[in-house]
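> Input file: my_file.txt. Contents: compact mmCIF, C-alpha atoms.
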```txt
# COMPACT_ATOMS: atom_id res chain seq x y z
CA MET A 1 20.96 -6.02 -17.72
CA ILE A 2 20.87 -2.99 -15.42
CA GLY A 3 24.22 -1.32 -14.76
CA THR A 4 25.20 1.13 -12.08
CA ALA A 5 23.27 4.04 -13.61
CA ALA A 6 19.84 4.71 -12.12
CA PRO A 7 17.05 3.15 -14.17
CA ALA A 8 14.79 5.60 -15.96
CA PRO A 9 11.54 6.14 -14.06
CA TYR A 10 8.30 5.09 -15.67
CA ASP A 11 7.02 8.23 -17.44
CA ARG A 12 3.26 7.86 -17.73
CA GLY A 13 3.05 11.00 -19.87
CA HIS A 14 5.42 9.85 -22.61
CA MET A 15 5.66 6.06 -22.42
CA PRO A 16 2.78 3.66 -23.11
CA PRO A 17 1.98 1.43 -20.13
CA PRO A 18 3.38 -2.10 -20.38
CA ILE A 19 0.66 -4.51 -21.47
CA ASP A 20 -0.59 -7.41 -19.35
CA LEU A 21 1.01 -6.13 -16.13
CA PRO A 22 -1.09 -5.34 -13.02
CA ALA A 23 -1.48 -1.67 -12.18
CA PRO A 24 0.30 -2.02 -8.79
CA LEU A 25 3.45 -3.23 -10.57
CA GLN A 26 3.24 -0.49 -13.20
CA GLN A 27 3.09 2.05 -10.38
CA LEU A 28 5.89 0.42 -8.36
CA LEU A 29 8.61 -0.61 -10.79
CA PRO A 30 10.83 1.62 -12.97
CA ALA A 31 10.52 1.17 -16.73
CA ALA A 32 13.78 -0.82 -17.02
CA LEU A 33 12.37 -3.48 -14.69
CA LEU A 34 8.91 -3.51 -16.22
CA GLY A 35 10.53 -4.62 -19.46
CA GLN A 36 12.08 -7.65 -17.73
CA CYS A 37 8.84 -8.96 -16.23
CA THR A 38 7.34 -12.18 -17.58
CA THR A 39 3.75 -13.34 -17.08
CA ARG A 40 2.54 -16.93 -17.00
CA ARG A 41 -0.52 -18.93 -15.99
CA VAL A 42 0.16 -21.47 -13.28
CA ALA A 43 -1.97 -24.51 -12.43
CA ARG A 44 -3.23 -25.41 -8.97
CA ASP A 45 -0.75 -27.29 -6.74
CA THR A 46 2.25 -25.93 -8.66
CA ARG A 47 5.17 -24.92 -6.44
CA LEU A 48 6.65 -21.54 -7.31
CA PHE A 49 9.64 -22.37 -5.14
CA HIS A 50 10.75 -24.80 -2.44
CA GLN A 51 12.09 -24.26 1.08
CA ARG A 52 15.91 -23.88 1.08
CA GLN A 53 15.93 -23.09 -2.66
CA ARG A 54 18.03 -20.08 -3.70
CA PRO A 55 15.84 -17.09 -4.72
CA ARG A 56 16.23 -16.24 -8.40
CA ALA A 57 13.07 -14.25 -9.06
CA MET A 58 10.52 -12.08 -7.30
CA HIS A 59 6.96 -13.24 -7.98
CA PHE A 60 3.74 -11.21 -8.03
CA VAL A 61 0.27 -12.74 -7.89
CA ALA A 62 -1.92 -10.92 -10.41
CA HIS A 63 -4.88 -13.31 -10.08
CA GLY A 64 -5.47 -16.49 -8.09
CA GLU A 65 -4.04 -17.48 -4.72
CA VAL A 66 -0.62 -18.59 -3.49
CA LEU A 67 0.13 -20.09 -0.08
CA LEU A 68 3.39 -19.77 1.80
CA GLN A 69 3.68 -22.90 3.93
CA ARG A 70 5.99 -25.24 5.81
CA PRO A 71 5.59 -28.89 6.80
CA GLY A 72 3.69 -29.15 10.06
CA GLU A 73 3.17 -31.91 12.57
CA GLN A 74 2.19 -35.33 11.22
CA GLY A 75 2.91 -34.21 7.68
CA SER A 76 0.21 -31.55 7.46
CA ALA A 77 1.08 -28.18 5.92
CA LEU A 78 1.33 -25.10 8.14
CA VAL A 79 0.08 -22.07 6.20
CA LEU A 80 2.09 -18.93 6.96
CA GLN A 81 0.47 -16.51 4.51
CA ARG A 82 -2.09 -16.33 1.70
CA ILE A 83 -1.48 -14.01 -1.24
CA ARG A 84 -4.37 -13.19 -3.56
CA GLN A 85 -2.75 -10.17 -5.17
CA GLY A 86 0.72 -8.89 -4.41
CA LEU A 87 4.34 -9.90 -4.03
CA VAL A 88 5.26 -13.35 -2.78
CA ALA A 89 7.94 -13.63 -0.06
CA GLU A 90 9.31 -10.07 -0.19
CA ALA A 91 11.89 -11.05 2.45
CA SER A 92 13.56 -13.32 -0.09
CA LEU A 93 15.12 -10.22 -1.65
CA GLN A 94 17.84 -10.29 1.02
CA ALA A 95 17.80 -14.02 1.79
CA GLY A 96 20.19 -16.69 0.61
CA ALA A 97 17.42 -19.31 0.62
CA TYR A 98 13.66 -19.48 0.93
CA HIS A 99 12.37 -20.32 4.40
CA CYS A 100 9.13 -21.93 3.14
CA ASP A 101 7.38 -23.36 0.08
CA ALA A 102 5.10 -21.34 -2.21
CA VAL A 103 2.16 -23.41 -3.50
CA VAL A 104 -0.52 -22.26 -5.93
CA ALA A 105 -3.90 -22.88 -4.24
CA VAL A 106 -6.08 -21.46 -7.05
CA PRO A 107 -5.04 -21.35 -10.74
CA ALA A 108 -3.02 -18.15 -10.89
CA GLU A 109 -1.48 -15.58 -13.16
CA ILE A 110 2.05 -14.94 -11.93
CA VAL A 111 4.40 -12.12 -12.91
CA SER A 112 8.09 -12.87 -12.33
CA LEU A 113 11.12 -10.58 -12.28
CA PRO A 114 14.79 -11.64 -12.02
CA ILE A 115 15.95 -10.84 -8.51
CA GLY A 116 19.45 -9.60 -9.50
CA PRO A 117 18.27 -6.60 -11.57
CA LEU A 118 15.69 -5.83 -8.86
CA ARG A 119 18.41 -5.59 -6.20
CA GLU A 120 20.56 -3.41 -8.46
CA ALA A 121 17.68 -1.05 -9.22
CA LEU A 122 16.84 -0.62 -5.53
CA ALA A 123 20.47 0.29 -4.81
CA ALA A 124 20.71 2.74 -7.74
CA ASP A 125 17.28 4.42 -7.84
CA PRO A 126 16.31 6.28 -4.60
CA ALA A 127 12.79 7.07 -5.84
CA PHE A 128 12.14 3.41 -6.59
CA ALA A 129 13.60 2.42 -3.20
CA MET A 130 11.14 4.77 -1.47
CA ARG A 131 8.21 3.28 -3.40
CA TRP A 132 9.41 -0.18 -2.37
CA ILE A 133 9.55 0.87 1.29
CA GLY A 134 6.03 2.26 0.99
CA MET A 135 4.83 -1.05 -0.40
CA LEU A 136 6.45 -2.94 2.49
CA ASN A 137 4.84 -0.55 4.99
CA ALA A 138 1.42 -1.21 3.45
CA GLU A 139 1.98 -4.97 3.74
CA LEU A 140 3.07 -4.55 7.37
CA ARG A 141 -0.16 -2.67 8.11
CA ARG A 142 -2.16 -5.47 6.50
CA GLN A 143 -0.37 -8.09 8.60
CA ARG A 144 -1.07 -6.08 11.74
CA MET A 145 -4.78 -5.97 10.86
CA GLN A 146 -4.70 -9.73 10.42
CA CYS A 147 -3.10 -10.19 13.86
CA GLU A 148 -5.74 -7.90 15.36
CA ARG A 149 -8.49 -9.91 13.65
CA LEU A 150 -7.23 -13.20 15.09
CA SER A 151 -7.28 -11.65 18.56
CA ILE A 152 -11.01 -10.94 18.22
CA LYS A 153 -13.31 -13.43 19.93
CA GLY A 154 -16.27 -14.72 17.94
CA VAL A 155 -16.59 -15.92 14.35
CA ARG A 156 -19.14 -13.23 13.49
CA GLU A 157 -16.85 -10.43 14.65
CA ARG A 158 -13.89 -11.84 12.72
CA VAL A 159 -15.92 -12.12 9.52
CA LEU A 160 -17.20 -8.55 9.76
CA HIS A 161 -13.71 -7.26 10.57
CA LEU A 162 -12.28 -9.05 7.54
CA LEU A 163 -14.92 -7.69 5.15
CA ALA A 164 -14.58 -4.16 6.53
CA THR A 165 -10.78 -4.01 6.45
CA GLU A 166 -9.83 -6.07 3.39
CA GLY A 167 -12.87 -5.85 1.15
CA SER A 168 -13.03 -3.39 -1.73
CA ALA A 169 -16.17 -1.28 -1.15
CA GLY A 170 -17.25 -4.10 1.16
CA ARG A 171 -16.73 -6.83 -1.44
CA LEU A 172 -14.16 -9.53 -0.63
CA ALA A 173 -13.06 -12.02 -3.27
CA VAL A 174 -12.91 -15.60 -1.98
CA PRO A 175 -11.39 -17.47 -4.95
CA ALA A 176 -10.31 -20.53 -2.96
CA GLY A 177 -13.70 -21.06 -1.31
CA LEU A 178 -15.05 -20.86 2.21
CA LYS A 179 -12.95 -23.68 3.63
CA SER A 180 -9.83 -21.70 2.74
CA LEU A 181 -11.38 -18.60 4.30
CA ALA A 182 -12.17 -20.52 7.49
CA THR A 183 -8.52 -21.51 7.78
CA GLU A 184 -7.49 -17.88 7.33
CA LEU A 185 -9.86 -16.86 10.12
CA ALA A 186 -8.70 -19.76 12.33
CA VAL A 187 -12.23 -21.13 12.73
CA THR A 188 -13.91 -24.36 11.62
CA HIS A 189 -15.64 -24.28 8.27
CA GLU A 190 -18.88 -25.43 9.95
CA ALA A 191 -18.78 -22.38 12.25
CA LEU A 192 -18.09 -20.11 9.29
CA TYR A 193 -21.02 -21.53 7.29
CA ARG A 194 -23.40 -21.04 10.23
CA THR A 195 -22.18 -17.48 10.77
CA LEU A 196 -22.53 -16.52 7.11
CA ALA A 197 -26.03 -18.01 7.01
CA ALA A 198 -27.03 -15.94 10.05
CA LEU A 199 -25.50 -12.77 8.58
CA ALA A 200 -27.32 -13.40 5.31
CA ARG A 201 -30.67 -13.74 7.13
CA GLU A 202 -29.98 -10.42 8.85
CA GLY A 203 -29.17 -8.76 5.53
CA ARG A 204 -25.62 -7.95 6.64
CA VAL A 205 -23.73 -10.17 4.18
CA THR A 206 -24.57 -11.38 0.68
CA ARG A 207 -22.86 -14.41 -0.84
CA GLU A 208 -21.89 -14.08 -4.49
CA PRO A 209 -20.04 -16.58 -6.70
CA GLY A 210 -16.45 -16.40 -5.42
CA ALA A 211 -17.07 -13.41 -3.16
CA LEU A 212 -18.77 -12.01 -0.04
CA LEU A 213 -20.42 -8.59 0.06
CA LEU A 214 -20.83 -6.59 3.26
CA ARG A 215 -24.11 -4.65 3.47
CA THR A 216 -24.34 -1.41 5.39
CA PRO A 217 -26.92 -1.59 8.19
CA ARG A 218 -29.95 0.62 7.60
```
Show the structure stored in the file as structure tokens.


Amino acid sequence: MIGTAAPAPYDRGHMPPPIDLPAPLQQLLPAALLGQCTTRRVARDTRLFHQRQRPRAMHFVAHGEVLLQRPGEQGSALVLQRIRQGLVAEASLQAGAYHCDAVVAVPAEIVSLPIGPLREALAADPAFAMRWIGMLNAELRRQRMQCERLSIKGVRERVLHLLATEGSAGRLAVPAGLKSLATELAVTHEALYRTLAALAREGRVTREPGALLLRTPR
């Protein structure tokens, strides 16, 4: 358990990296917290937590996909956010209860950390607190790009914007399939299929198993 003393920072020059933890977590968390992380494989449709449940852990999606959602009209789920890699419900750090459900959409590898020691470390370790703020700023920028994308008219333009801003070297993983991607883009899956077919004919986009690849125009 972490006391009031500042946790020792992760010394990459003298300490071996923790095994089986994603690089973003190794770079973010101090060594004392890395040692308290647990990793597990979670099946599709598993709920990491329920709305109004008290937060007891911070979760990180290493692989797979997790949806934050609430009940919508006529019993349908309203998706608030999709997480393919990263922290789930960062706002729960200061909340007394979750404001939504977290549902595994694609079989996932989840890293969990007790929320009490995390709060104590943020209060005691200024360097860690600054890294945490930087992570939140990066997530805020990503959310702003998503809002900008949804303001764009046209399925084609939204697809190209998504690949350009969130793909890695133009490659975007789509583990949950194109229907899930259509929901994220707020378009019908039929419109998305037609658009991807047209972009493929033009040589702009290549479909790979579980991914889309943006091609640079010649």

> Name the closest residue to Glu190 (chain A) among the candidates A:Leu33, A:Leu48, A:Leu178, A:Ile110; distances are taken between atoms, counting only C-alpha atoms.

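That would be A:Leu178, the residue with the smallest distance to Glu190 (chain A).
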
> What lies within 9 Å of region 94-107 of chain A using only C-alpha atoms, ignoring chain neighbours under 4 positions off, as number ranges by chain?

A: 41-55, 63-71, 80, 88-90, 119, 175-176

> Rank A:Leu160, A:Leu212, A:Leu150, A:Val205 by their smallest atom-to-atom distance to Val187 (chain A), using only C-alpha atoms, and report the top residue only.

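Counting only C-alpha atoms, the residue closest to Val187 (chain A) is A:Leu150.
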
> May I have the residues within 10 Å of Thr183 (chain A) as a ChimeraX atom specification, using all atoms listed in the file and disregarding those fewer than 5 positions away in the same chain?

/A:79,178,188-189,192

> Kindly export the residues of the current selection with C-alpha atoms, as a PDB file, keeping the file's coordinate frame.


```
ATOM      1  CA  VAL A  79       0.080 -22.070   6.200  1.00  0.00           C
ATOM      2  CA  LEU A 178     -15.050 -20.860   2.210  1.00  0.00           C
ATOM      3  CA  THR A 188     -13.910 -24.360  11.620  1.00  0.00           C
ATOM      4  CA  HIS A 189     -15.640 -24.280   8.270  1.00  0.00           C
ATOM      5  CA  LEU A 192     -18.090 -20.110   9.290  1.00  0.00           C
TER       6      LEU A 192
END
```

> Between A:Val111, A:Ala211, A:Ala138, A:Leu29, which is the closest to Asp125 (chain A) once you count only C-alpha atoms?

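Selected residue with least distance to Asp125 (chain A): A:Leu29.
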
> Which is closest to Ser180 (chain A) among A:Gly210, A:Pro24, A:Pro30, A:Gly134, if we use all atoms listed in the file?

A:Gly210

> Which polymer residues have any atom within 10 Å of an atom of Ala62 (chain A), counting all atoms listed in the file, with same-chain residues fewer than 4 positions away left out, as a ChimeraX atom specification?

/A:20-25,39-41,83-87,108-111

> Please compute the CA of Gly35 (chain A)-CA of Leu140 (chain A) distance, one decimal, in Å.

27.8 Å

> Since fewer atoms than expected are present, regenerate N, CA and C atoms for region 180-210 of chain A and write them as an mmCIF file, keeping the file's coordinate frame.


```
data_model
loop_
_atom_site.group_PDB
_atom_site.id
_atom_site.type_symbol
_atom_site.label_atom_id
_atom_site.label_comp_id
_atom_site.auth_asym_id
_atom_site.auth_seq_id
_atom_site.Cartn_x
_atom_site.Cartn_y
_atom_site.Cartn_z
ATOM 1 N N SER A 180 -11.087 -22.439 2.681
ATOM 2 C CA SER A 180 -9.830 -21.700 2.740
ATOM 3 C C SER A 180 -9.987 -20.453 3.612
ATOM 4 N N LEU A 181 -11.127 -19.783 3.481
ATOM 5 C CA LEU A 181 -11.380 -18.600 4.300
ATOM 6 C C LEU A 181 -11.463 -18.956 5.771
ATOM 7 N N ALA A 182 -12.079 -20.089 6.091
ATOM 8 C CA ALA A 182 -12.170 -20.520 7.490
ATOM 9 C C ALA A 182 -10.785 -20.727 8.082
ATOM 10 N N THR A 183 -9.890 -21.325 7.298
ATOM 11 C CA THR A 183 -8.520 -21.510 7.780
ATOM 12 C C THR A 183 -7.849 -20.174 8.040
ATOM 13 N N GLU A 184 -8.067 -19.211 7.143
ATOM 14 C CA GLU A 184 -7.490 -17.880 7.330
ATOM 15 C C GLU A 184 -8.002 -17.213 8.591
ATOM 16 N N LEU A 185 -9.261 -17.457 8.923
ATOM 17 C CA LEU A 185 -9.860 -16.860 10.120
ATOM 18 C C LEU A 185 -9.618 -17.693 11.377
ATOM 19 N N ALA A 186 -8.988 -18.855 11.207
ATOM 20 C CA ALA A 186 -8.700 -19.760 12.330
ATOM 21 C C ALA A 186 -9.970 -20.210 13.024
ATOM 22 N N VAL A 187 -10.979 -20.591 12.205
ATOM 23 C CA VAL A 187 -12.230 -21.130 12.730
ATOM 24 C C VAL A 187 -12.560 -22.382 11.906
ATOM 25 N N THR A 188 -13.488 -23.197 12.398
ATOM 26 C CA THR A 188 -13.910 -24.360 11.620
ATOM 27 C C THR A 188 -14.798 -23.903 10.465
ATOM 28 N N HIS A 189 -14.806 -24.691 9.385
ATOM 29 C CA HIS A 189 -15.640 -24.280 8.270
ATOM 30 C C HIS A 189 -17.121 -24.401 8.610
ATOM 31 N N GLU A 190 -17.479 -25.331 9.525
ATOM 32 C CA GLU A 190 -18.880 -25.430 9.950
ATOM 33 C C GLU A 190 -19.319 -24.148 10.664
ATOM 34 N N ALA A 191 -18.451 -23.626 11.532
ATOM 35 C CA ALA A 191 -18.780 -22.380 12.250
ATOM 36 C C ALA A 191 -18.897 -21.209 11.286
ATOM 37 N N LEU A 192 -18.030 -21.187 10.270
ATOM 38 C CA LEU A 192 -18.090 -20.110 9.290
ATOM 39 C C LEU A 192 -19.379 -20.181 8.479
ATOM 40 N N TYR A 193 -19.777 -21.388 8.050
ATOM 41 C CA TYR A 193 -21.020 -21.530 7.290
ATOM 42 C C TYR A 193 -22.217 -21.052 8.105
ATOM 43 N N ARG A 194 -22.275 -21.455 9.381
ATOM 44 C CA ARG A 194 -23.400 -21.040 10.230
ATOM 45 C C ARG A 194 -23.427 -19.523 10.384
ATOM 46 N N THR A 195 -22.251 -18.934 10.568
ATOM 47 C CA THR A 195 -22.180 -17.480 10.770
ATOM 48 C C THR A 195 -22.612 -16.734 9.517
ATOM 49 N N LEU A 196 -22.150 -17.189 8.353
ATOM 50 C CA LEU A 196 -22.530 -16.520 7.110
ATOM 51 C C LEU A 196 -24.025 -16.662 6.838
ATOM 52 N N ALA A 197 -24.591 -17.821 7.182
ATOM 53 C CA ALA A 197 -26.030 -18.010 7.010
ATOM 54 C C ALA A 197 -26.809 -17.038 7.897
ATOM 55 N N ALA A 198 -26.358 -16.867 9.138
ATOM 56 C CA ALA A 198 -27.030 -15.940 10.050
ATOM 57 C C ALA A 198 -26.892 -14.496 9.562
ATOM 58 N N LEU A 199 -25.713 -14.125 9.089
ATOM 59 C CA LEU A 199 -25.500 -12.770 8.580
ATOM 60 C C LEU A 199 -26.315 -12.515 7.319
ATOM 61 N N ALA A 200 -26.497 -13.542 6.505
ATOM 62 C CA ALA A 200 -27.320 -13.400 5.310
ATOM 63 C C ALA A 200 -28.778 -13.183 5.678
ATOM 64 N N ARG A 201 -29.267 -13.917 6.683
ATOM 65 C CA ARG A 201 -30.670 -13.740 7.130
ATOM 66 C C ARG A 201 -30.894 -12.339 7.657
ATOM 67 N N GLU A 202 -29.870 -11.773 8.295
ATOM 68 C CA GLU A 202 -29.980 -10.420 8.850
ATOM 69 C C GLU A 202 -29.804 -9.343 7.782
ATOM 70 N N GLY A 203 -29.402 -9.739 6.582
ATOM 71 C CA GLY A 203 -29.170 -8.760 5.530
ATOM 72 C C GLY A 203 -27.830 -8.057 5.638
ATOM 73 N N ARG A 204 -26.923 -8.587 6.459
ATOM 74 C CA ARG A 204 -25.620 -7.950 6.640
ATOM 75 C C ARG A 204 -24.604 -8.380 5.582
ATOM 76 N N VAL A 205 -24.700 -9.638 5.137
ATOM 77 C CA VAL A 205 -23.730 -10.170 4.180
ATOM 78 C C VAL A 205 -24.477 -10.898 3.069
ATOM 79 N N THR A 206 -24.034 -10.677 1.838
ATOM 80 C CA THR A 206 -24.570 -11.380 0.680
ATOM 81 C C THR A 206 -23.485 -12.257 0.083
ATOM 82 N N ARG A 207 -23.804 -13.510 -0.188
ATOM 83 C CA ARG A 207 -22.860 -14.410 -0.840
ATOM 84 C C ARG A 207 -23.030 -14.320 -2.339
ATOM 85 N N GLU A 208 -21.921 -14.099 -3.045
ATOM 86 C CA GLU A 208 -21.890 -14.080 -4.490
ATOM 87 C C GLU A 208 -20.938 -15.182 -4.952
ATOM 88 N N PRO A 209 -21.002 -15.586 -6.216
ATOM 89 C CA PRO A 209 -20.040 -16.580 -6.700
ATOM 90 C C PRO A 209 -18.595 -16.086 -6.522
ATOM 91 N N GLY A 210 -17.844 -16.758 -5.648
ATOM 92 C CA GLY A 210 -16.450 -16.400 -5.420
ATOM 93 C C GLY A 210 -16.228 -15.141 -4.627
#
```
